[in-house]
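**Student:** The structure's right below; bear with me while I get my questions together.
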Amino acid sequence: MSEHLILVVDDEQAQRTVLAGFLRKRGFDVLQASGVAEALSQVAARAVDLVLTDLRMSDGTGLDVLIGVRRINPEVAVVVMTAFGTVASAVDAMKQGASDYLTKPIDLDELDVLIARTLERRALIAENRELRQQLEKRHRLAGVETENPRMAEAINTAARAAASRATILIRGESGTGKELMARAIHYASPRARGPLVAVNVAALPDTLIESELFGHERGAFTGADREHRGRFELADGGTLFLDEIGDLPKGTQVKLLRVLQEQSFERLGGSRTLQVDVRVIAATSRDLEAMVSRGEFREDLYYRLNVVSVDIPPLRERREDIPALVRLFLSRFAGERTDPVSEVSREAMDLLVKYEYPGNVRELENLVHRAVVLTRDRTLTTADLPIRVARAKAGGTTGEAATFVERVAEFERSLIVDALDRAGGVQTRAARALGMSERHLRYKLRKYRLGQAGEVDDAADGDGADA
């Protein structure tokens, strides 16, 4: 059975039979209809890929078929067959969405080529649409969700600025998602079909950064044995994302300022001025205002970059987003196991919410990834988290009015976490430092779900362990 289903629509049975027989010999599955009503019924009932319809029939026209098919399924390609004298009508049909037309009598070789071309075009359109939907799903600003007011403000600002040509400066600590925000802005902008070129300024040596940004001509410097297009040229018609812009050398800052002002530059070693149409989005984890006051960053460049400012708060200041991010990362890494991790225990989630995250969202993603890889279960527990995360709960209880017993337990837990940390996770050393037996320590590890001791059993909730 062919992967393509073609419907032949013609009120002349002999014509239908010839075309259907030819198409079957070419390996296609074929349906037949004698008129408009029957054709639309077939399209509604079956997954038709292409409709080959006569223009004039007893109960209507090929245009009626086209309009009906587009209402039922606009993905179906429609090719109109017409006599030479009514080509103008076929052209009108193409203006209304027909893929192509053929003149009668039908040249079967021409029909073969046209069908192949039409189905190939249909496949490319479907593939492009799927890719675009995947990109939009991954990058659209609507997908950057939050329950935090400050993060919501950042998203709203970015969404409003996306449609403009304005330069945007994204601020935030390392790992907060500045590049993700830049990509979301690009794909929500009119430049979404243009290139998005990203460059981390801090990762480039000072001696190479001008060449990377603006390109160079052959012979511009030792080792320049060929012409090199810079990132601005590669981003023409799209967006250039300059990460860690605060690390840009002072000499290069002058050239960047000119590009922002004039949208033109020369390659290193060249005299020809190149014009580009590039929207710049910059990001920094540094305090640019302080750098300006110290003379480390040009004030005029700062104002050119900071037309619109998007400030992303650190993860510790938007803890309400952590559970949703954890679930997102669980889903992302699910394919790395044959038995995907699907849940997080309440205690583990509590620790993840309380942790300070010096590395922000990037650190949270790495923590979840590590836990998914190492856990032996389909539910992440505190035993799957590093000791530094377990210490988060030692800093305070979940409730403001904790009981005496809860506070003592919290203090005891913090002592155990500290001892394990100092002992490098070796339980024998930690037990010795705490002045307890290793067996008693293992009981406490189960009770507080620490280390690799696994889940606590209900019978261990009392104080019956040996001292």
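In the structure tokens, chains take the letters A, B, ... in the order shown, each chain's residues start at 1, and ligands count up from 1 in the order shown.
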Pick out the residues sitting within 12 Å of A:Phe221, and hand them over as a PDB file with N, CA, C and O atoms, in the first residue's frame; count only C-alpha atoms, and ignore anything fewer than 6 positions along from it in its own chain.

**Tutor:**
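This went into result_4.pdb:
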```pdb
ATOM      1  N   THR A 207      42.136  39.129  21.448  1.00  0.00           N
ATOM      2  CA  THR A 207      42.798  39.238  20.144  1.00  0.00           C
ATOM      3  C   THR A 207      41.927  38.744  19.003  1.00  0.00           C
ATOM      4  O   THR A 207      42.202  39.052  17.840  1.00  0.00           O
ATOM      5  N   LEU A 208      40.886  37.988  19.310  1.00  0.00           N
ATOM      6  CA  LEU A 208      40.048  37.411  18.256  1.00  0.00           C
ATOM      7  C   LEU A 208      38.651  38.005  18.195  1.00  0.00           C
ATOM      8  O   LEU A 208      37.923  37.757  17.231  1.00  0.00           O
ATOM      9  N   SER A 211      37.633  40.060  15.074  1.00  0.00           N
ATOM     10  CA  SER A 211      37.511  39.209  13.895  1.00  0.00           C
ATOM     11  C   SER A 211      36.225  38.397  13.942  1.00  0.00           C
ATOM     12  O   SER A 211      35.555  38.216  12.922  1.00  0.00           O
ATOM     13  N   GLY A 215      34.482  40.062  11.235  1.00  0.00           N
ATOM     14  CA  GLY A 215      35.119  39.345  10.138  1.00  0.00           C
ATOM     15  C   GLY A 215      36.473  39.940   9.782  1.00  0.00           C
ATOM     16  O   GLY A 215      36.879  40.973  10.310  1.00  0.00           O
ATOM     17  N   GLU A 227      39.280  34.697   3.621  1.00  0.00           N
ATOM     18  CA  GLU A 227      38.260  35.656   4.052  1.00  0.00           C
ATOM     19  C   GLU A 227      37.382  35.024   5.124  1.00  0.00           C
ATOM     20  O   GLU A 227      37.060  33.832   5.057  1.00  0.00           O
ATOM     21  N   HIS A 228      36.997  35.808   6.106  1.00  0.00           N
ATOM     22  CA  HIS A 228      36.177  35.299   7.208  1.00  0.00           C
ATOM     23  C   HIS A 228      35.002  36.237   7.461  1.00  0.00           C
ATOM     24  O   HIS A 228      35.187  37.428   7.686  1.00  0.00           O
ATOM     25  N   ARG A 267      35.351  44.930   7.607  1.00  0.00           N
ATOM     26  CA  ARG A 267      36.095  43.791   8.142  1.00  0.00           C
ATOM     27  C   ARG A 267      37.516  44.231   8.503  1.00  0.00           C
ATOM     28  O   ARG A 267      38.025  45.214   7.965  1.00  0.00           O
ATOM     29  N   LEU A 268      38.149  43.482   9.387  1.00  0.00           N
ATOM     30  CA  LEU A 268      39.545  43.744   9.700  1.00  0.00           C
ATOM     31  C   LEU A 268      40.387  43.591   8.433  1.00  0.00           C
ATOM     32  O   LEU A 268      40.239  42.593   7.704  1.00  0.00           O
ATOM     33  N   GLY A 269      41.228  44.559   8.175  1.00  0.00           N
ATOM     34  CA  GLY A 269      42.087  44.502   6.993  1.00  0.00           C
ATOM     35  C   GLY A 269      41.385  44.895   5.720  1.00  0.00           C
ATOM     36  O   GLY A 269      41.966  44.808   4.637  1.00  0.00           O
ATOM     37  N   GLY A 270      40.119  45.335   5.809  1.00  0.00           N
ATOM     38  CA  GLY A 270      39.375  45.691   4.606  1.00  0.00           C
ATOM     39  C   GLY A 270      38.992  47.157   4.606  1.00  0.00           C
ATOM     40  O   GLY A 270      38.988  47.822   5.639  1.00  0.00           O
TER      41      GLY A 270
END
```

**Student:** Residues near stretch 238-240 of chain A, anyone? I mean within 6 Å using only C-alpha atoms, not counting same-chain ones fewer than 6 positions away, as a ChimeraX atom specification.

**Tutor:** /A:191,194-198,278-280

**Student:** Take the residues from that selection and put them in a file with all heavy atoms, as a compact mmCIF listing (two decimals), in the first residue's frame.

**Tutor:**
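This went into out-v3.txt:
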```
# COMPACT_ATOMS: atom_id res chain seq x y z
N ARG A 191 11.48 39.05 12.99
CA ARG A 191 12.71 38.47 12.44
C ARG A 191 12.81 36.97 12.69
O ARG A 191 13.87 36.37 12.49
CB ARG A 191 13.92 39.16 13.08
CG ARG A 191 14.01 40.63 12.74
CD ARG A 191 15.09 41.34 13.56
NE ARG A 191 15.20 42.72 13.13
CZ ARG A 191 16.07 43.16 12.23
NH1 ARG A 191 16.94 42.32 11.69
NH2 ARG A 191 16.09 44.42 11.87
N GLY A 194 14.51 34.91 10.21
CA GLY A 194 15.90 35.23 9.97
C GLY A 194 16.80 34.49 10.94
O GLY A 194 16.33 33.81 11.87
N PRO A 195 18.12 34.61 10.77
CA PRO A 195 19.05 33.88 11.63
C PRO A 195 19.10 34.46 13.05
O PRO A 195 18.90 35.66 13.25
CB PRO A 195 20.39 34.05 10.92
CG PRO A 195 20.25 35.32 10.13
CD PRO A 195 18.81 35.38 9.72
N LEU A 196 19.35 33.58 14.01
CA LEU A 196 19.67 34.00 15.36
C LEU A 196 21.09 33.53 15.63
O LEU A 196 21.36 32.34 15.67
CB LEU A 196 18.71 33.38 16.37
CG LEU A 196 19.08 33.57 17.85
CD1 LEU A 196 19.10 35.05 18.21
CD2 LEU A 196 18.12 32.80 18.74
N VAL A 197 22.00 34.49 15.78
CA VAL A 197 23.42 34.18 15.99
C VAL A 197 23.79 34.59 17.41
O VAL A 197 23.57 35.74 17.80
CB VAL A 197 24.31 34.91 14.97
CG1 VAL A 197 25.78 34.62 15.22
CG2 VAL A 197 23.92 34.51 13.54
N ALA A 198 24.33 33.65 18.17
CA ALA A 198 24.70 33.93 19.56
C ALA A 198 26.21 33.86 19.72
O ALA A 198 26.87 33.00 19.13
CB ALA A 198 24.03 32.92 20.50
N VAL A 278 20.63 44.17 11.40
CA VAL A 278 20.75 43.26 12.54
C VAL A 278 20.13 43.89 13.77
O VAL A 278 20.39 45.06 14.07
CB VAL A 278 22.24 42.92 12.82
CG1 VAL A 278 22.35 42.06 14.08
CG2 VAL A 278 22.85 42.19 11.63
N ARG A 279 19.32 43.11 14.45
CA ARG A 279 18.78 43.54 15.75
C ARG A 279 19.68 42.94 16.84
O ARG A 279 19.92 41.73 16.85
CB ARG A 279 17.36 43.02 15.91
CG ARG A 279 16.54 43.73 16.98
CD ARG A 279 16.42 43.00 18.26
NE ARG A 279 15.46 43.67 19.13
CZ ARG A 279 14.16 43.38 19.16
NH1 ARG A 279 13.66 42.43 18.40
NH2 ARG A 279 13.36 44.03 19.99
N VAL A 280 20.18 43.76 17.75
CA VAL A 280 21.10 43.30 18.78
C VAL A 280 20.36 43.14 20.11
O VAL A 280 19.64 44.03 20.55
CB VAL A 280 22.28 44.28 18.96
CG1 VAL A 280 23.11 43.90 20.19
CG2 VAL A 280 23.16 44.27 17.72
```

**Student:** Which residues come within 12 Å of stretch 296-304 of chain A, counting only C-alpha atoms, excluding same-chain residues fewer than 5 positions away, as a PyMOL selection string?

**Tutor:** chain A and resi 166-169+245-262+280-284+286-291+309

**Student:** Can I get the selected residues back with N, CA and C atoms, as an mmCIF file, in the first residue's frame?

**Tutor:**
```
data_model
loop_
_atom_site.group_PDB
_atom_site.id
_atom_site.type_symbol
_atom_site.label_atom_id
_atom_site.label_comp_id
_atom_site.auth_asym_id
_atom_site.auth_seq_id
_atom_site.Cartn_x
_atom_site.Cartn_y
_atom_site.Cartn_z
ATOM 1 N N ALA A 166 14.103 47.745 18.526
ATOM 2 C CA ALA A 166 14.899 48.297 19.624
ATOM 3 C C ALA A 166 15.916 47.298 20.144
ATOM 4 N N THR A 167 17.088 47.812 20.501
ATOM 5 C CA THR A 167 18.103 47.001 21.161
ATOM 6 C C THR A 167 17.643 46.693 22.579
ATOM 7 N N ILE A 168 17.882 45.473 23.024
ATOM 8 C CA ILE A 168 17.408 45.036 24.332
ATOM 9 C C ILE A 168 18.597 44.592 25.176
ATOM 10 N N LEU A 169 18.618 45.002 26.429
ATOM 11 C CA LEU A 169 19.645 44.566 27.375
ATOM 12 C C LEU A 169 18.980 43.690 28.426
ATOM 13 N N ILE A 245 28.094 41.018 27.686
ATOM 14 C CA ILE A 245 28.575 42.201 26.975
ATOM 15 C C ILE A 245 29.519 43.034 27.836
ATOM 16 N N GLY A 246 29.437 42.888 29.159
ATOM 17 C CA GLY A 246 30.318 43.639 30.042
ATOM 18 C C GLY A 246 31.774 43.273 29.902
ATOM 19 N N ASP A 247 32.054 42.120 29.257
ATOM 20 C CA ASP A 247 33.435 41.690 29.063
ATOM 21 C C ASP A 247 34.018 42.172 27.736
ATOM 22 N N LEU A 248 33.284 43.004 27.003
ATOM 23 C CA LEU A 248 33.775 43.491 25.714
ATOM 24 C C LEU A 248 34.929 44.480 25.934
ATOM 25 N N PRO A 249 36.079 44.284 25.276
ATOM 26 C CA PRO A 249 37.216 45.202 25.446
ATOM 27 C C PRO A 249 36.856 46.624 25.027
ATOM 28 N N LYS A 250 37.526 47.608 25.644
ATOM 29 C CA LYS A 250 37.216 49.015 25.382
ATOM 30 C C LYS A 250 37.374 49.362 23.897
ATOM 31 N N GLY A 251 38.419 48.836 23.252
ATOM 32 C CA GLY A 251 38.636 49.151 21.845
ATOM 33 C C GLY A 251 37.512 48.648 20.962
ATOM 34 N N THR A 252 36.986 47.486 21.266
ATOM 35 C CA THR A 252 35.901 46.912 20.474
ATOM 36 C C THR A 252 34.579 47.602 20.764
ATOM 37 N N GLN A 253 34.450 48.179 21.943
ATOM 38 C CA GLN A 253 33.221 48.892 22.288
ATOM 39 C C GLN A 253 32.949 50.033 21.310
ATOM 40 N N VAL A 254 34.031 50.716 20.873
ATOM 41 C CA VAL A 254 33.874 51.828 19.928
ATOM 42 C C VAL A 254 33.296 51.324 18.617
ATOM 43 N N LYS A 255 33.804 50.203 18.124
ATOM 44 C CA LYS A 255 33.333 49.668 16.841
ATOM 45 C C LYS A 255 31.896 49.158 16.950
ATOM 46 N N LEU A 256 31.580 48.547 18.087
ATOM 47 C CA LEU A 256 30.207 48.079 18.273
ATOM 48 C C LEU A 256 29.241 49.262 18.296
ATOM 49 N N LEU A 257 29.639 50.349 18.922
ATOM 50 C CA LEU A 257 28.799 51.538 18.969
ATOM 51 C C LEU A 257 28.493 52.041 17.565
ATOM 52 N N ARG A 258 29.494 52.028 16.696
ATOM 53 C CA ARG A 258 29.277 52.503 15.319
ATOM 54 C C ARG A 258 28.288 51.601 14.579
ATOM 55 N N VAL A 259 28.410 50.292 14.777
ATOM 56 C CA VAL A 259 27.485 49.379 14.097
ATOM 57 C C VAL A 259 26.057 49.627 14.576
ATOM 58 N N LEU A 260 25.886 49.841 15.878
ATOM 59 C CA LEU A 260 24.553 50.098 16.406
ATOM 60 C C LEU A 260 23.983 51.405 15.858
ATOM 61 N N GLN A 261 24.845 52.372 15.644
ATOM 62 C CA GLN A 261 24.390 53.677 15.157
ATOM 63 C C GLN A 261 24.115 53.663 13.656
ATOM 64 N N GLU A 262 25.000 53.014 12.895
ATOM 65 C CA GLU A 262 24.958 53.133 11.438
ATOM 66 C C GLU A 262 24.617 51.834 10.708
ATOM 67 N N VAL A 280 20.182 43.762 17.746
ATOM 68 C CA VAL A 280 21.101 43.299 18.781
ATOM 69 C C VAL A 280 20.361 43.137 20.105
ATOM 70 N N ILE A 281 20.540 41.961 20.700
ATOM 71 C CA ILE A 281 20.101 41.716 22.071
ATOM 72 C C ILE A 281 21.360 41.400 22.873
ATOM 73 N N ALA A 282 21.615 42.165 23.926
ATOM 74 C CA ALA A 282 22.795 41.958 24.755
ATOM 75 C C ALA A 282 22.359 41.464 26.127
ATOM 76 N N ALA A 283 23.272 40.787 26.799
ATOM 77 C CA ALA A 283 22.984 40.294 28.149
ATOM 78 C C ALA A 283 24.220 40.452 29.010
ATOM 79 N N THR A 284 23.988 40.622 30.303
ATOM 80 C CA THR A 284 25.111 40.768 31.220
ATOM 81 C C THR A 284 24.720 40.323 32.614
ATOM 82 N N ARG A 286 26.865 41.492 34.950
ATOM 83 C CA ARG A 286 27.651 42.494 35.654
ATOM 84 C C ARG A 286 26.864 43.794 35.815
ATOM 85 N N ASP A 287 27.335 44.637 36.736
ATOM 86 C CA ASP A 287 26.705 45.929 36.987
ATOM 87 C C ASP A 287 27.299 46.942 36.017
ATOM 88 N N LEU A 288 26.638 47.140 34.872
ATOM 89 C CA LEU A 288 27.185 48.028 33.847
ATOM 90 C C LEU A 288 27.232 49.482 34.312
ATOM 91 N N GLU A 289 26.259 49.907 35.114
ATOM 92 C CA GLU A 289 26.291 51.280 35.605
ATOM 93 C C GLU A 289 27.551 51.539 36.425
ATOM 94 N N ALA A 290 27.903 50.585 37.287
ATOM 95 C CA ALA A 290 29.123 50.735 38.082
ATOM 96 C C ALA A 290 30.355 50.727 37.185
ATOM 97 N N MET A 291 30.321 49.897 36.139
ATOM 98 C CA MET A 291 31.450 49.857 35.214
ATOM 99 C C MET A 291 31.579 51.183 34.460
ATOM 100 N N SER A 309 15.255 47.472 28.853
ATOM 101 C CA SER A 309 15.934 46.642 29.845
ATOM 102 C C SER A 309 14.991 45.556 30.347
#
```

**Student:** With distances taken over only C-alpha atoms, which residue among A:Arg16, A:His369, A:Gly175, A:Gln42 lies nearest A:Ile106?

**Tutor:** A:Arg16

**Student:** Could you check the closest approach to A:Arg362 for each of A:Ala390, A:Val18, A:Leu315, A:Ile209 and tell me which residue wins, using only C-alpha atoms?

**Tutor:**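 With only C-alpha atoms as the atom set, the closest residue is A:Leu315.
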
**Student:** Using only C-alpha atoms, which of A:Val76, A:Leu441, A:Gly27, A:Arg332 sits nearest A:Glu412?

**Tutor:** A:Leu441

**Student:** Got a sec: who's within 9 Å of stretch 108-125 of chain A, counting only C-alpha atoms, leaving out chain neighbours fewer than 3 positions off, as a PyMOL selection string?

**Tutor:** chain A and resi 4+19+22-23+26+49-50+75-79+99-102+128-130

**Student:** To test your reading of the structure, identify every residue in stretch 26-163 of chain A that backbone DSSP assigns to strand (DSSP E or B), and report it as a ChimeraX atom specification.

**Tutor:** /A:29-33,50-54,56-57,60-61,77-83,100-104

**Student:** Let me make sure I understand: among A:Leu180, A:Val8, A:Ala20, A:Val417, which one has the smallest atom-to-atom distance to A:Ala433 if we use only C-alpha atoms?

**Tutor:**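 Checking each of A:Leu180, A:Val8, A:Ala20, A:Val417 against A:Ala433, counting only C-alpha atoms, the winner is A:Val417.
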
**Student:** DSSP on the backbone, then: every residue of stretch 319-380 of chain A marked alpha helix (DSSP H), written as number ranges by chain.

**Tutor:** A: 322-332, 346-354, 360-374

**Student:** So that I can check the surroundings of A:Met151, please list as a tab-separated table (two decimals) with all heavy atoms, in the first residue's frame every protein, DNA and RNA residue that reaches within 9 Å of it, counting only C-alpha atoms and ignoring chain neighbours fewer than 4 positions away.

**Tutor:**
```tsv
chain	number	residue	atom	x	y	z
A	145	GLU	N	6.83	30.70	31.30
A	145	GLU	CA	5.75	30.91	32.26
A	145	GLU	C	6.31	31.18	33.65
A	145	GLU	O	7.43	30.79	33.99
A	145	GLU	CB	4.82	29.70	32.28
A	145	GLU	CG	4.14	29.46	30.94
A	145	GLU	CD	3.27	28.23	30.97
A	145	GLU	OE1	3.23	27.55	32.01
A	145	GLU	OE2	2.64	27.94	29.93
A	146	THR	N	5.52	31.86	34.46
A	146	THR	CA	5.95	32.19	35.81
A	146	THR	C	4.75	32.51	36.68
A	146	THR	O	3.68	32.87	36.18
A	146	THR	CB	6.90	33.40	35.79
A	146	THR	OG1	7.41	33.61	37.11
A	146	THR	CG2	6.20	34.65	35.31
A	147	GLU	N	4.93	32.37	37.98
A	147	GLU	CA	3.95	32.82	38.95
A	147	GLU	C	4.51	33.96	39.78
A	147	GLU	O	3.87	34.43	40.72
A	147	GLU	CB	3.54	31.65	39.86
A	147	GLU	CG	2.84	30.52	39.12
A	147	GLU	CD	2.43	29.40	40.06
A	147	GLU	OE1	2.45	29.62	41.29
A	147	GLU	OE2	2.09	28.31	39.57
A	155	ILE	N	8.84	39.20	31.47
A	155	ILE	CA	8.26	38.55	30.29
A	155	ILE	C	7.39	39.53	29.51
A	155	ILE	O	7.45	39.60	28.28
A	155	ILE	CB	7.46	37.30	30.70
A	155	ILE	CG1	8.39	36.23	31.27
A	155	ILE	CG2	6.66	36.75	29.53
A	155	ILE	CD1	7.66	35.08	31.92
A	156	ASN	N	6.59	40.30	30.22
A	156	ASN	CA	5.72	41.27	29.56
A	156	ASN	C	6.53	42.34	28.83
A	156	ASN	O	6.19	42.75	27.71
A	156	ASN	CB	4.79	41.91	30.58
A	156	ASN	CG	3.72	40.96	31.10
A	156	ASN	OD1	3.38	39.99	30.41
A	156	ASN	ND2	3.23	41.19	32.30
A	311	ASP	N	14.95	42.70	33.18
A	311	ASP	CA	15.65	42.24	34.38
A	311	ASP	C	15.07	40.92	34.85
A	311	ASP	O	13.89	40.84	35.24
A	311	ASP	CB	15.54	43.29	35.49
A	311	ASP	CG	16.19	44.61	35.09
A	311	ASP	OD1	17.36	44.58	34.69
A	311	ASP	OD2	15.51	45.65	35.16
A	312	ILE	N	15.90	39.87	34.82
A	312	ILE	CA	15.46	38.53	35.23
A	312	ILE	C	15.88	38.29	36.67
A	312	ILE	O	17.07	38.31	36.98
A	312	ILE	CB	16.06	37.44	34.32
A	312	ILE	CG1	15.68	37.72	32.86
A	312	ILE	CG2	15.58	36.07	34.75
A	312	ILE	CD1	16.23	36.69	31.89
A	313	PRO	N	14.94	38.07	37.58
A	313	PRO	CA	15.30	37.85	38.99
A	313	PRO	C	15.97	36.50	39.19
A	313	PRO	O	15.72	35.55	38.44
A	313	PRO	CB	13.95	37.90	39.71
A	313	PRO	CG	12.95	37.51	38.67
A	313	PRO	CD	13.48	38.02	37.37
A	318	ARG	N	12.29	33.80	43.19
A	318	ARG	CA	11.03	33.36	42.55
A	318	ARG	C	10.83	31.86	42.79
A	318	ARG	O	10.67	31.06	41.87
A	318	ARG	CB	11.00	33.71	41.06
A	318	ARG	CG	12.15	33.21	40.22
A	318	ARG	CD	12.00	33.75	38.80
A	318	ARG	NE	12.97	33.21	37.87
A	318	ARG	CZ	12.70	32.29	36.94
A	318	ARG	NH1	11.49	31.81	36.81
A	318	ARG	NH2	13.64	31.88	36.11
```

**Student:** Nearest to A:Val308 among A:Arg171, A:Tyr443, A:Ser414, A:Ala126, with distances taken over only C-alpha atoms: which residue is it?

**Tutor:**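 Once distances to A:Val308 are computed over only C-alpha atoms, the minimum belongs to A:Arg171.
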
**Student:** If we count only C-alpha atoms and set the cut-off at 12 Å, which residues sit around A:Gly35, ignoring sequence neighbours fewer than 5 positions away in its own chain? Please answer as a ChimeraX atom specification.

**Tutor:** /A:7-13,16,40-42,52-65

**Student:** Name the residues in contact with A:Ala158 at a cut-off of 8 Å, using only C-alpha atoms, excluding same-chain residues fewer than 2 positions from it; report them as a list in words.

**Tutor:**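 Residues meeting the cut-off are Leu141, Ala154, Ile155, Asn156, Arg160, Ala161, Ala162, Met181, Ile185 and Val310 of chain A.
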
**Student:** For A:Arg272, which of A:Ile72, A:His216, A:Val292, A:Ile322 is the closest residue, counting only C-alpha atoms?

**Tutor:**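 The shortest atom-to-atom distance to A:Arg272 comes from A:His216.
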